[in-house]
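Listing of protein.cif, mmCIF, C-alpha atoms
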data_query
#
loop_
_atom_site.group_PDB
_atom_site.id
_atom_site.type_symbol
_atom_site.label_atom_id
_atom_site.label_comp_id
_atom_site.auth_asym_id
_atom_site.auth_seq_id
_atom_site.Cartn_x
_atom_site.Cartn_y
_atom_site.Cartn_z
ATOM 1 C CA MET A 1 9.644 41.189 3.792
ATOM 2 C CA ARG A 2 9.057 40.402 7.475
ATOM 3 C CA ILE A 3 6.068 38.286 8.520
ATOM 4 C CA GLU A 4 5.349 37.585 12.173
ATOM 5 C CA ILE A 5 3.150 34.624 13.134
ATOM 6 C CA ILE A 6 1.537 34.627 16.561
ATOM 7 C CA GLY A 7 1.117 30.989 17.548
ATOM 8 C CA ALA A 8 3.357 28.011 16.883
ATOM 9 C CA GLY A 9 0.780 25.252 16.750
ATOM 10 C CA SER A 10 0.365 23.000 13.738
ATOM 11 C CA VAL A 11 -1.194 25.672 11.509
ATOM 12 C CA GLY A 12 1.286 28.393 12.462
ATOM 13 C CA LEU A 13 4.247 26.082 11.919
ATOM 14 C CA LEU A 14 3.001 24.833 8.552
ATOM 15 C CA ILE A 15 2.376 28.345 7.224
ATOM 16 C CA ALA A 16 5.760 29.461 8.537
ATOM 17 C CA SER A 17 7.530 26.543 6.866
ATOM 18 C CA TYR A 18 6.195 27.407 3.404
ATOM 19 C CA LEU A 19 6.933 31.121 3.812
ATOM 20 C CA ILE A 20 10.503 30.460 4.976
ATOM 21 C CA GLU A 21 11.010 28.051 2.081
ATOM 22 C CA GLN A 22 10.363 30.976 -0.257
ATOM 23 C CA GLN A 23 13.019 33.160 1.352
ATOM 24 C CA THR A 24 10.721 35.146 3.635
ATOM 25 C CA ASP A 25 11.883 36.591 6.960
ATOM 26 C CA VAL A 26 9.562 34.887 9.474
ATOM 27 C CA THR A 27 9.322 35.370 13.235
ATOM 28 C CA LEU A 28 7.261 33.068 15.455
ATOM 29 C CA VAL A 29 5.700 34.727 18.484
ATOM 30 C CA LYS A 30 5.515 32.199 21.317
ATOM 31 C CA ARG A 31 4.739 32.405 25.017
ATOM 32 C CA LYS A 32 7.542 30.010 25.938
ATOM 33 C CA GLN A 33 11.073 31.348 25.921
ATOM 34 C CA TYR A 34 13.502 29.804 23.427
ATOM 35 C CA GLN A 35 16.733 30.744 21.771
ATOM 36 C CA LYS A 36 16.148 33.524 19.256
ATOM 37 C CA GLU A 37 16.771 31.180 16.306
ATOM 38 C CA GLN A 38 15.248 27.760 15.666
ATOM 39 C CA SER A 39 14.820 25.413 12.690
ATOM 40 C CA ILE A 40 11.465 24.115 11.532
ATOM 41 C CA ALA A 41 11.148 20.685 9.933
ATOM 42 C CA ARG A 42 8.171 19.734 7.759
ATOM 43 C CA THR A 43 7.075 16.240 6.838
ATOM 44 C CA ASN A 44 5.556 16.592 3.386
ATOM 45 C CA ILE A 45 2.527 14.884 1.870
ATOM 46 C CA ASP A 46 4.765 12.336 0.123
ATOM 47 C CA GLY A 47 6.606 11.476 3.346
ATOM 48 C CA SER A 48 9.778 13.392 2.510
ATOM 49 C CA ILE A 49 11.133 15.840 5.079
ATOM 50 C CA THR A 50 12.077 19.455 4.478
ATOM 51 C CA SER A 51 14.361 20.684 7.263
ATOM 52 C CA ASP A 52 16.660 23.528 8.283
ATOM 53 C CA LEU A 53 13.956 26.150 7.771
ATOM 54 C CA HIS A 54 15.392 28.855 10.010
ATOM 55 C CA VAL A 55 12.943 30.989 11.969
ATOM 56 C CA SER A 56 13.321 33.759 14.535
ATOM 57 C CA ILE A 57 11.541 33.501 17.890
ATOM 58 C CA SER A 58 10.029 36.337 19.908
ATOM 59 C CA SER A 59 7.729 36.646 22.906
ATOM 60 C CA ARG A 60 5.735 39.584 21.490
ATOM 61 C CA PRO A 61 4.894 41.019 18.066
ATOM 62 C CA SER A 62 7.009 43.959 16.949
ATOM 63 C CA SER A 63 6.393 47.243 15.169
ATOM 64 C CA LYS A 64 8.549 46.183 12.207
ATOM 65 C CA ALA A 65 6.345 43.535 10.569
ATOM 66 C CA ASP A 66 4.939 43.855 7.061
ATOM 67 C CA LEU A 67 2.184 41.431 8.081
ATOM 68 C CA ILE A 68 1.114 39.757 11.323
ATOM 69 C CA ILE A 69 -0.648 36.387 11.095
ATOM 70 C CA VAL A 70 -2.634 35.348 14.169
ATOM 71 C CA ALA A 71 -2.638 31.529 14.178
ATOM 72 C CA VAL A 72 -3.651 30.715 17.754
ATOM 73 C CA LYS A 73 -6.907 28.915 18.553
ATOM 74 C CA TYR A 74 -9.959 30.958 19.428
ATOM 75 C CA GLY A 75 -9.604 30.367 23.169
ATOM 76 C CA GLN A 76 -6.205 32.075 23.138
ATOM 77 C CA LEU A 77 -7.309 35.209 21.298
ATOM 78 C CA GLN A 78 -8.217 37.134 24.452
ATOM 79 C CA ALA A 79 -4.530 37.106 25.395
ATOM 80 C CA VAL A 80 -3.509 38.190 21.882
ATOM 81 C CA TYR A 81 -5.870 41.151 21.403
ATOM 82 C CA PRO A 82 -4.007 43.416 23.916
ATOM 83 C CA MET A 83 -0.720 42.710 22.068
ATOM 84 C CA LEU A 84 -2.260 43.707 18.744
ATOM 85 C CA ALA A 85 -3.671 46.899 20.242
ATOM 86 C CA GLU A 86 -0.091 48.006 20.979
ATOM 87 C CA ILE A 87 1.342 47.633 17.455
ATOM 88 C CA PRO A 88 1.096 50.376 14.794
ATOM 89 C CA VAL A 89 -2.401 50.478 13.318
ATOM 90 C CA ASN A 90 -1.059 50.429 9.752
ATOM 91 C CA ILE A 91 0.408 46.907 10.051
ATOM 92 C CA PRO A 92 -1.954 44.442 8.299
ATOM 93 C CA VAL A 93 -3.278 41.589 10.454
ATOM 94 C CA LEU A 94 -4.525 38.222 9.143
ATOM 95 C CA PHE A 95 -6.613 36.013 11.457
ATOM 96 C CA VAL A 96 -6.490 32.233 10.937
ATOM 97 C CA GLN A 97 -9.109 30.639 13.218
ATOM 98 C CA ASN A 98 -11.994 28.243 12.816
ATOM 99 C CA GLY A 99 -15.565 29.355 13.334
ATOM 100 C CA LEU A 100 -17.267 32.731 13.455
ATOM 101 C CA ALA A 101 -16.979 33.946 17.043
ATOM 102 C CA HIS A 102 -13.765 35.896 16.413
ATOM 103 C CA PHE A 103 -15.057 37.867 13.420
ATOM 104 C CA GLU A 104 -16.766 40.746 15.234
ATOM 105 C CA GLU A 105 -14.232 40.648 18.077
ATOM 106 C CA ALA A 106 -11.286 41.197 15.748
ATOM 107 C CA LEU A 107 -13.004 44.103 14.037
ATOM 108 C CA GLN A 108 -13.063 45.954 17.367
ATOM 109 C CA LEU A 109 -9.277 46.331 17.110
ATOM 110 C CA PRO A 110 -7.839 49.645 15.896
ATOM 111 C CA GLN A 111 -5.922 48.080 12.989
ATOM 112 C CA GLN A 112 -6.663 49.690 9.633
ATOM 113 C CA GLN A 113 -6.094 46.484 7.627
ATOM 114 C CA ILE A 114 -7.768 43.273 8.870
ATOM 115 C CA ALA A 115 -8.287 40.074 6.895
ATOM 116 C CA PHE A 116 -9.469 36.571 7.757
ATOM 117 C CA SER A 117 -8.412 33.170 6.477
ATOM 118 C CA SER A 118 -10.223 29.880 6.068
ATOM 119 C CA ILE A 119 -7.892 26.912 5.742
ATOM 120 C CA GLN A 120 -8.669 23.496 4.342
ATOM 121 C CA PHE A 121 -5.232 21.909 4.508
ATOM 122 C CA GLY A 122 -4.325 19.363 7.169
ATOM 123 C CA ALA A 123 -1.508 19.890 9.659
ATOM 124 C CA GLN A 124 -0.274 17.877 12.611
ATOM 125 C CA LYS A 125 2.344 18.980 15.100
ATOM 126 C CA ILE A 126 4.873 16.197 15.672
ATOM 127 C CA GLU A 127 7.399 17.984 17.895
ATOM 128 C CA GLU A 128 7.911 21.552 19.103
ATOM 129 C CA PHE A 129 9.310 22.656 15.725
ATOM 130 C CA HIS A 130 8.301 19.744 13.493
ATOM 131 C CA VAL A 131 4.993 19.753 11.627
ATOM 132 C CA ALA A 132 3.429 17.280 9.202
ATOM 133 C CA HIS A 133 1.452 18.449 6.162
ATOM 134 C CA LYS A 134 -1.437 15.975 6.230
ATOM 135 C CA GLY A 135 -3.714 17.064 3.417
ATOM 136 C CA ILE A 136 -3.545 19.548 0.550
ATOM 137 C CA GLY A 137 -6.233 22.201 0.715
ATOM 138 C CA VAL A 138 -6.646 25.831 -0.196
ATOM 139 C CA MET A 139 -5.893 28.713 2.152
ATOM 140 C CA LYS A 140 -8.629 31.266 1.479
ATOM 141 C CA ILE A 141 -8.168 34.919 2.439
ATOM 142 C CA ALA A 142 -10.772 37.701 2.515
ATOM 143 C CA VAL A 143 -10.298 41.321 3.589
ATOM 144 C CA ALA A 144 -12.874 42.644 6.072
ATOM 145 C CA ARG A 145 -11.352 46.087 6.611
ATOM 146 C CA GLY A 146 -8.900 48.091 4.567
ATOM 147 C CA ASP A 147 -7.275 47.761 1.187
ATOM 148 C CA LEU A 148 -7.009 44.438 -0.621
ATOM 149 C CA THR A 149 -3.582 45.437 -1.910
ATOM 150 C CA SER A 150 -2.247 45.235 1.660
ATOM 151 C CA PHE A 151 -2.665 41.454 1.471
ATOM 152 C CA THR A 152 -2.408 40.513 -2.212
ATOM 153 C CA PHE A 153 1.377 40.130 -1.931
ATOM 154 C CA PHE A 154 0.573 36.944 0.016
ATOM 155 C CA LYS A 155 -0.637 35.397 -3.239
ATOM 156 C CA LYS A 156 2.969 35.057 -4.421
ATOM 157 C CA PHE A 157 3.469 32.354 -1.777
ATOM 158 C CA SER A 158 0.827 30.144 -3.426
ATOM 159 C CA LYS A 159 2.177 26.881 -4.816
ATOM 160 C CA MET A 160 0.814 23.471 -5.779
ATOM 161 C CA ASN A 161 1.025 22.004 -2.258
ATOM 162 C CA PHE A 162 0.078 25.270 -0.577
ATOM 163 C CA PRO A 163 -2.561 27.020 -2.744
ATOM 164 C CA ILE A 164 -3.822 30.474 -1.714
ATOM 165 C CA ASP A 165 -6.997 32.104 -3.055
ATOM 166 C CA PHE A 166 -8.758 35.391 -2.289
ATOM 167 C CA GLU A 167 -12.481 35.659 -1.538
ATOM 168 C CA GLN A 168 -14.727 38.729 -1.623
ATOM 169 C CA ASP A 169 -16.828 38.281 1.534
ATOM 170 C CA ALA A 170 -14.923 37.469 4.735
ATOM 171 C CA GLU A 171 -17.963 36.671 6.888
ATOM 172 C CA LEU A 172 -19.509 34.421 4.228
ATOM 173 C CA MET A 173 -16.177 32.630 3.784
ATOM 174 C CA LEU A 174 -15.957 31.945 7.538
ATOM 175 C CA LEU A 175 -19.580 30.806 7.607
ATOM 176 C CA GLU A 176 -18.922 28.286 4.849
ATOM 177 C CA LYS A 177 -15.974 26.829 6.776
ATOM 178 C CA ALA A 178 -17.947 26.842 10.043
ATOM 179 C CA LEU A 179 -20.706 24.834 8.378
ATOM 180 C CA LEU A 180 -18.214 22.303 7.034
ATOM 181 C CA ASN A 181 -16.614 22.037 10.444
ATOM 182 C CA CYS A 182 -19.883 21.729 12.350
ATOM 183 C CA PHE A 183 -20.791 18.682 10.248
ATOM 184 C CA ILE A 184 -17.421 16.941 10.350
ATOM 185 C CA ASN A 185 -15.381 17.933 13.415
ATOM 186 C CA PRO A 186 -17.828 17.164 16.247
ATOM 187 C CA LEU A 187 -18.764 13.771 14.794
ATOM 188 C CA THR A 188 -15.123 12.765 14.413
ATOM 189 C CA ALA A 189 -14.520 13.787 18.040
ATOM 190 C CA ILE A 190 -17.545 11.906 19.376
ATOM 191 C CA LEU A 191 -17.031 8.764 17.280
ATOM 192 C CA GLN A 192 -13.215 8.976 17.429
ATOM 193 C CA LEU A 193 -12.880 8.512 13.687
ATOM 194 C CA LYS A 194 -10.619 10.046 11.083
ATOM 195 C CA ASN A 195 -12.449 12.249 8.579
ATOM 196 C CA GLY A 196 -12.640 9.660 5.813
ATOM 197 C CA ARG A 197 -14.413 7.079 7.943
ATOM 198 C CA LEU A 198 -17.439 9.378 8.269
ATOM 199 C CA ILE A 199 -18.314 8.453 4.702
ATOM 200 C CA THR A 200 -17.070 4.847 4.583
ATOM 201 C CA GLU A 201 -18.906 3.566 7.665
ATOM 202 C CA ASN A 202 -22.661 3.306 7.141
ATOM 203 C CA ASN A 203 -23.878 4.530 10.524
ATOM 204 C CA ALA A 204 -21.388 7.380 10.661
ATOM 205 C CA PHE A 205 -22.404 8.415 7.145
ATOM 206 C CA GLN A 206 -26.082 8.431 8.128
ATOM 207 C CA LEU A 207 -25.306 10.613 11.146
ATOM 208 C CA LEU A 208 -23.384 13.006 8.909
ATOM 209 C CA LYS A 209 -26.240 13.186 6.426
ATOM 210 C CA ASN A 210 -28.892 13.641 9.133
ATOM 211 C CA LEU A 211 -26.881 16.463 10.707
ATOM 212 C CA TYR A 212 -26.548 18.186 7.350
ATOM 213 C CA ASN A 213 -30.268 17.818 6.625
ATOM 214 C CA GLU A 214 -31.214 19.265 10.021
ATOM 215 C CA VAL A 215 -29.093 22.368 9.506
ATOM 216 C CA MET A 216 -30.424 22.897 5.987
ATOM 217 C CA THR A 217 -34.023 22.493 7.154
ATOM 218 C CA VAL A 218 -33.529 25.399 9.546
ATOM 219 C CA PHE A 219 -31.336 27.420 7.163
ATOM 220 C CA PRO A 220 -32.370 26.492 3.604
ATOM 221 C CA GLN A 221 -30.469 29.531 2.286
ATOM 222 C CA TYR A 222 -27.213 27.828 3.300
ATOM 223 C CA GLU A 223 -27.711 25.165 0.630
ATOM 224 C CA LYS A 224 -26.560 27.810 -1.858
ATOM 225 C CA ILE A 225 -23.310 28.086 0.097
ATOM 226 C CA ILE A 226 -22.560 24.418 0.690
ATOM 227 C CA GLN A 227 -24.094 21.225 -0.679
ATOM 228 C CA PHE A 228 -23.832 17.786 0.880
ATOM 229 C CA GLY A 229 -21.567 16.696 -1.959
ATOM 230 C CA GLN A 230 -19.033 19.282 -0.784
ATOM 231 C CA VAL A 231 -19.098 17.794 2.722
ATOM 232 C CA VAL A 232 -18.457 14.327 1.288
ATOM 233 C CA ALA A 233 -15.703 15.671 -0.974
ATOM 234 C CA LEU A 234 -13.934 17.297 1.968
ATOM 235 C CA CYS A 235 -14.092 14.030 3.923
ATOM 236 C CA GLU A 236 -12.552 12.257 0.924
ATOM 237 C CA LYS A 237 -9.876 14.897 0.471
ATOM 238 C CA THR A 238 -8.889 14.802 4.151
ATOM 239 C CA ALA A 239 -9.624 11.090 4.680
ATOM 240 C CA SER A 240 -6.485 10.385 6.707
ATOM 241 C CA ASN A 241 -6.749 13.546 8.817
ATOM 242 C CA THR A 242 -7.405 13.603 12.537
ATOM 243 C CA SER A 243 -9.658 16.640 12.897
ATOM 244 C CA SER A 244 -8.548 19.381 15.268
ATOM 245 C CA MET A 245 -11.511 18.631 17.519
ATOM 246 C CA LEU A 246 -10.672 14.936 17.725
ATOM 247 C CA GLY A 247 -7.051 15.864 18.377
ATOM 248 C CA ASP A 248 -8.179 18.106 21.236
ATOM 249 C CA ARG A 249 -10.316 15.352 22.709
ATOM 250 C CA LEU A 250 -7.510 12.809 22.527
ATOM 251 C CA ALA A 251 -5.240 15.266 24.350
ATOM 252 C CA GLY A 252 -7.861 16.249 26.923
ATOM 253 C CA ARG A 253 -7.845 19.874 25.707
ATOM 254 C CA LYS A 254 -10.661 22.367 25.353
ATOM 255 C CA THR A 255 -12.080 22.208 21.820
ATOM 256 C CA GLU A 256 -13.323 24.891 19.443
ATOM 257 C CA ILE A 257 -16.939 23.746 19.755
ATOM 258 C CA ASP A 258 -18.001 27.177 21.071
ATOM 259 C CA THR A 259 -16.727 29.033 18.030
ATOM 260 C CA ILE A 260 -17.746 26.422 15.426
ATOM 261 C CA VAL A 261 -21.136 25.083 16.561
ATOM 262 C CA ALA A 262 -22.421 27.573 19.137
ATOM 263 C CA PRO A 263 -22.847 30.432 16.591
ATOM 264 C CA ILE A 264 -24.981 28.171 14.371
ATOM 265 C CA LEU A 265 -27.188 27.234 17.339
ATOM 266 C CA LYS A 266 -27.437 30.906 18.283
ATOM 267 C CA LYS A 267 -28.573 31.847 14.779
ATOM 268 C CA ALA A 268 -31.291 29.181 14.996
ATOM 269 C CA ALA A 269 -32.458 30.421 18.402
ATOM 270 C CA LEU A 270 -32.794 33.965 17.044
ATOM 271 C CA GLN A 271 -35.229 32.520 14.504
ATOM 272 C CA ASN A 272 -37.098 30.589 17.240
ATOM 273 C CA GLN A 273 -35.819 27.355 15.699
ATOM 274 C CA THR A 274 -34.263 24.347 17.399
ATOM 275 C CA MET A 275 -31.780 21.802 16.083
ATOM 276 C CA PRO A 276 -31.973 18.816 18.468
ATOM 277 C CA MET A 277 -29.270 16.775 16.750
ATOM 278 C CA LEU A 278 -26.732 19.593 16.548
ATOM 279 C CA GLN A 279 -27.570 20.601 20.133
ATOM 280 C CA THR A 280 -26.927 17.017 21.282
ATOM 281 C CA VAL A 281 -23.629 16.927 19.391
ATOM 282 C CA TYR A 282 -22.652 20.213 21.036
ATOM 283 C CA LEU A 283 -23.500 18.978 24.543
ATOM 284 C CA LEU A 284 -21.629 15.699 24.045
ATOM 285 C CA VAL A 285 -18.439 17.549 23.112
ATOM 286 C CA LYS A 286 -18.890 19.947 26.029
ATOM 287 C CA ALA A 287 -19.277 16.918 28.319
ATOM 288 C CA PHE A 288 -15.919 15.557 27.108
ATOM 289 C CA GLU A 289 -14.373 18.947 27.881
ATOM 290 C CA GLU A 290 -15.819 19.017 31.403
ATOM 291 C CA SER A 291 -14.528 15.555 32.189
ATOM 292 C CA GLY A 292 -11.087 16.412 30.803
ATOM 293 C CA GLU A 293 -10.850 12.802 29.698
ATOM 294 C CA LYS A 294 -7.929 11.623 27.621
ATOM 295 C CA MET A 295 -8.573 8.680 25.345
#
Would you encode the structure as structure tokens?
Amino acid sequence: MRIEIIGAGSVGLLIASYLIEQQTDVTLVKRKQYQKEQSIARTNIDGSITSDLHVSISSRPSSKADLIIVAVKYGQLQAVYPMLAEIPVNIPVLFVQNGLAHFEEALQLPQQQIAFSSIQFGAQKIEEFHVAHKGIGVMKIAVARGDLTSFTFFKKFSKMNFPIDFEQDAELMLLEKALLNCFINPLTAILQLKNGRLITENNAFQLLKNLYNEVMTVFPQYEKIIQFGQVVALCEKTASNTSSMLGDRLAGRKTEIDTIVAPILKKAALQNQTMPMLQTVYLLVKAFEESGEKM
């Protein structure tokens, strides 16, 4: 079985490492040119290191893959879509991005089999081919177009430290993750706190709770999808994690605020509703992006 992963950031590397460990033929598609073979190292949850995970490197996806996983951030998708339009339409494609903005975009592609993933594990890139697994969490997959059987083989890669589950509704799954992220990620970036400190520091906890209450006041139907206890539980589970948005701020990179928070604000505007706290959080993160500041 040949799986090609577009994107060699922390998420792409971590997924690749677990697939290679289970004797899967994996190719990383990267913009930078490297030798055709590299070795991935993974620092595990317990601090041990798994190394010599051999991976192939390519500059473009091929027509020989059994599955293509798109693991770039949302801002890089516009460069990836033309590549995907050139591959055979019968090759299944799995998108692994935060937020909701990519959902309708991806479904404009000609591919016959398209699925989306919502990840709750933690990953941190240490070096070009070294990734740290920072928190155990499920990788959820839901098919938006095509046959479920085109993706169910992925379930065989599920293991205790890398659990994989299938969901029925792709858009609802992404919405649930977007809600979790819009509560946690922007606050960690603004306050420069790891996830766990949002619930151990009184003022940060109150901000988290107020943000949750504001969103649920505007969208009471979302309380059926996610309760505040789930937000707290995720902070506990990923207590030592540096969120991707905080990581972007620390590195002076553009964040995923426009795909995580902006769609929620847009939904409120369509209902003639405002969310002053979430809007302020959004503008603060955008201000960091404009300044390009590195902390």
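Look at segment 227-229 of chain A: the protein and nucleic acid residues within 8 Å of it, using all atoms listed in the file and passing over chain neighbours fewer than 4 places away, are Lys209, Tyr212, Glu223 and Ala233 of chain A.
Distances to Ala251 of chain A were evaluated for A:Phe288, A:Ala115, A:Glu105, A:Ile15 using all atoms listed in the file, and the minimum falls at A:Phe288.
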Practice item. Apply the PyMOL selection byres ((chain A and resi 58-72) around 9) to the file shown and report the selected residues as number ranges by chain. Key: A: 1-9, 11-12, 27-36, 56-57, 73-77, 80, 83-84, 86-88, 91-97, 150-151
Point to revise | Distance query segment 174-183 of chain A at most 8 Å, only C-alpha atoms, self and fewer than 2 positions along chain excluded, as a ChimeraX atom specification | key: /A:98-100,116-118,170-172,185-187,208,211-212,225-226,231,260-261
**Study point:** Output check: residues returned by the PyMOL selection byres ((chain A and resi 157-169) around 8), as a list in words
**Key:** Tyr18, Leu19, Gln22, Ile136, Gly137, Val138, Met139, Lys140, Ile141, Ala142, Val143, Ala144, Phe154, Lys155, Lys156, Ala170, Glu171, Leu172 and Met173 of chain A
Take the residues just selected and output them with C-alpha atoms as a CSV table (one decimal), in the coordinates of the input.
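So again39.csv came out as:
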chain,number,residue,atom,x,y,z
A,18,TYR,CA,6.2,27.4,3.4
A,19,LEU,CA,6.9,31.1,3.8
A,22,GLN,CA,10.4,31.0,-0.3
A,136,ILE,CA,-3.5,19.5,0.6
A,137,GLY,CA,-6.2,22.2,0.7
A,138,VAL,CA,-6.6,25.8,-0.2
A,139,MET,CA,-5.9,28.7,2.2
A,140,LYS,CA,-8.6,31.3,1.5
A,141,ILE,CA,-8.2,34.9,2.4
A,142,ALA,CA,-10.8,37.7,2.5
A,143,VAL,CA,-10.3,41.3,3.6
A,144,ALA,CA,-12.9,42.6,6.1
A,154,PHE,CA,0.6,36.9,0.0
A,155,LYS,CA,-0.6,35.4,-3.2
A,156,LYS,CA,3.0,35.1,-4.4
A,170,ALA,CA,-14.9,37.5,4.7
A,171,GLU,CA,-18.0,36.7,6.9
A,172,LEU,CA,-19.5,34.4,4.2
A,173,MET,CA,-16.2,32.6,3.8
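Of the listed residues A:Lys134, A:Lys267, A:Arg145, A:Lys254, the one whose atoms come nearest to Ser240 of chain A is A:Lys134, with distances taken using only C-alpha atoms.
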Point to revise | Near-Glu290 of chain A list (12 Å; all atoms listed in the file; drop same-chain fewer than 4 positions) as a list in words | key: Arg249, Gly252, Arg253, Lys254, Thr255, Leu283, Leu284, Val285, Lys286 and Lys294 of chain A
Practice item. Convert the output of the PyMOL selection byres ((chain A and resi 130-133) around 8) on the shown file into explicit residues, formatted as a ChimeraX atom specification. Key: /A:10,13-14,40-45,121-129,134-136
Review point. In Å, with one decimal, what is the gap from atom CA of Asn90 of chain A to atom CA of His102 of chain A?
Key: 20.4 Å
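Shortest separation to Ala106 of chain A among A:Lys224, A:Tyr81, A:Asn213, A:Ala239 occurs at residue A:Tyr81, atoms counted being all atoms listed in the file.
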Point to revise | Å distance separating atom CA of Asp147 of chain A from atom CA of Ile264 of chain A, one decimal place | key: 29.5 Å
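Remark: for Cys235 of chain A, the closest of the candidate residues A:Ala269, A:Ile184, A:Met216, A:Met275 is A:Ile184 (distances computed over all atoms listed in the file).
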Generate all heavy atoms for segment 200-206 of chain A and emit them as a CSV table (one decimal), in the coordinates of the input.
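And here's rebuild24.csv as it stands now:
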chain,number,residue,atom,x,y,z
A,200,THR,N,-17.3,6.3,4.9
A,200,THR,CA,-17.1,4.8,4.6
A,200,THR,C,-17.8,3.9,5.5
A,200,THR,O,-18.0,2.7,5.2
A,200,THR,CB,-15.6,4.5,4.5
A,200,THR,OG1,-15.0,4.7,5.8
A,200,THR,CG2,-14.8,5.3,3.5
A,201,GLU,N,-18.2,4.4,6.7
A,201,GLU,CA,-18.9,3.6,7.7
A,201,GLU,C,-20.4,4.0,7.6
A,201,GLU,O,-20.7,5.2,7.8
A,201,GLU,CB,-18.3,3.7,9.1
A,201,GLU,CG,-16.9,3.2,9.1
A,201,GLU,CD,-16.4,3.1,10.6
A,201,GLU,OE1,-17.2,3.2,11.5
A,201,GLU,OE2,-15.2,2.8,10.7
A,202,ASN,N,-21.3,3.0,7.4
A,202,ASN,CA,-22.7,3.3,7.1
A,202,ASN,C,-23.3,4.2,8.2
A,202,ASN,O,-24.0,5.1,7.9
A,202,ASN,CB,-23.4,2.0,7.0
A,202,ASN,CG,-23.1,1.3,5.7
A,202,ASN,OD1,-22.6,1.9,4.7
A,202,ASN,ND2,-23.2,0.0,5.7
A,203,ASN,N,-23.2,3.8,9.5
A,203,ASN,CA,-23.9,4.5,10.5
A,203,ASN,C,-23.3,5.9,10.7
A,203,ASN,O,-24.1,6.9,10.9
A,203,ASN,CB,-23.8,3.8,11.8
A,203,ASN,CG,-24.6,2.5,11.8
A,203,ASN,OD1,-25.7,2.4,11.2
A,203,ASN,ND2,-24.1,1.4,12.5
A,204,ALA,N,-22.0,6.1,10.6
A,204,ALA,CA,-21.4,7.4,10.7
A,204,ALA,C,-21.9,8.3,9.5
A,204,ALA,O,-22.1,9.5,9.7
A,204,ALA,CB,-19.9,7.2,10.7
A,205,PHE,N,-21.9,7.7,8.3
A,205,PHE,CA,-22.4,8.4,7.1
A,205,PHE,C,-23.8,8.9,7.3
A,205,PHE,O,-24.2,10.0,7.0
A,205,PHE,CB,-22.3,7.6,5.9
A,205,PHE,CG,-22.7,8.3,4.6
A,205,PHE,CD1,-21.9,9.2,4.0
A,205,PHE,CD2,-24.0,8.0,4.1
A,205,PHE,CE1,-22.3,9.9,2.9
A,205,PHE,CE2,-24.4,8.7,2.9
A,205,PHE,CZ,-23.5,9.6,2.3
A,206,GLN,N,-24.7,8.0,7.9
A,206,GLN,CA,-26.1,8.4,8.1
A,206,GLN,C,-26.2,9.6,9.1
A,206,GLN,O,-27.0,10.5,9.0
A,206,GLN,CB,-26.9,7.2,8.6
A,206,GLN,CG,-28.4,7.5,8.6
A,206,GLN,CD,-28.9,7.8,7.2
A,206,GLN,OE1,-28.7,7.0,6.2
A,206,GLN,NE2,-29.6,8.9,7.0
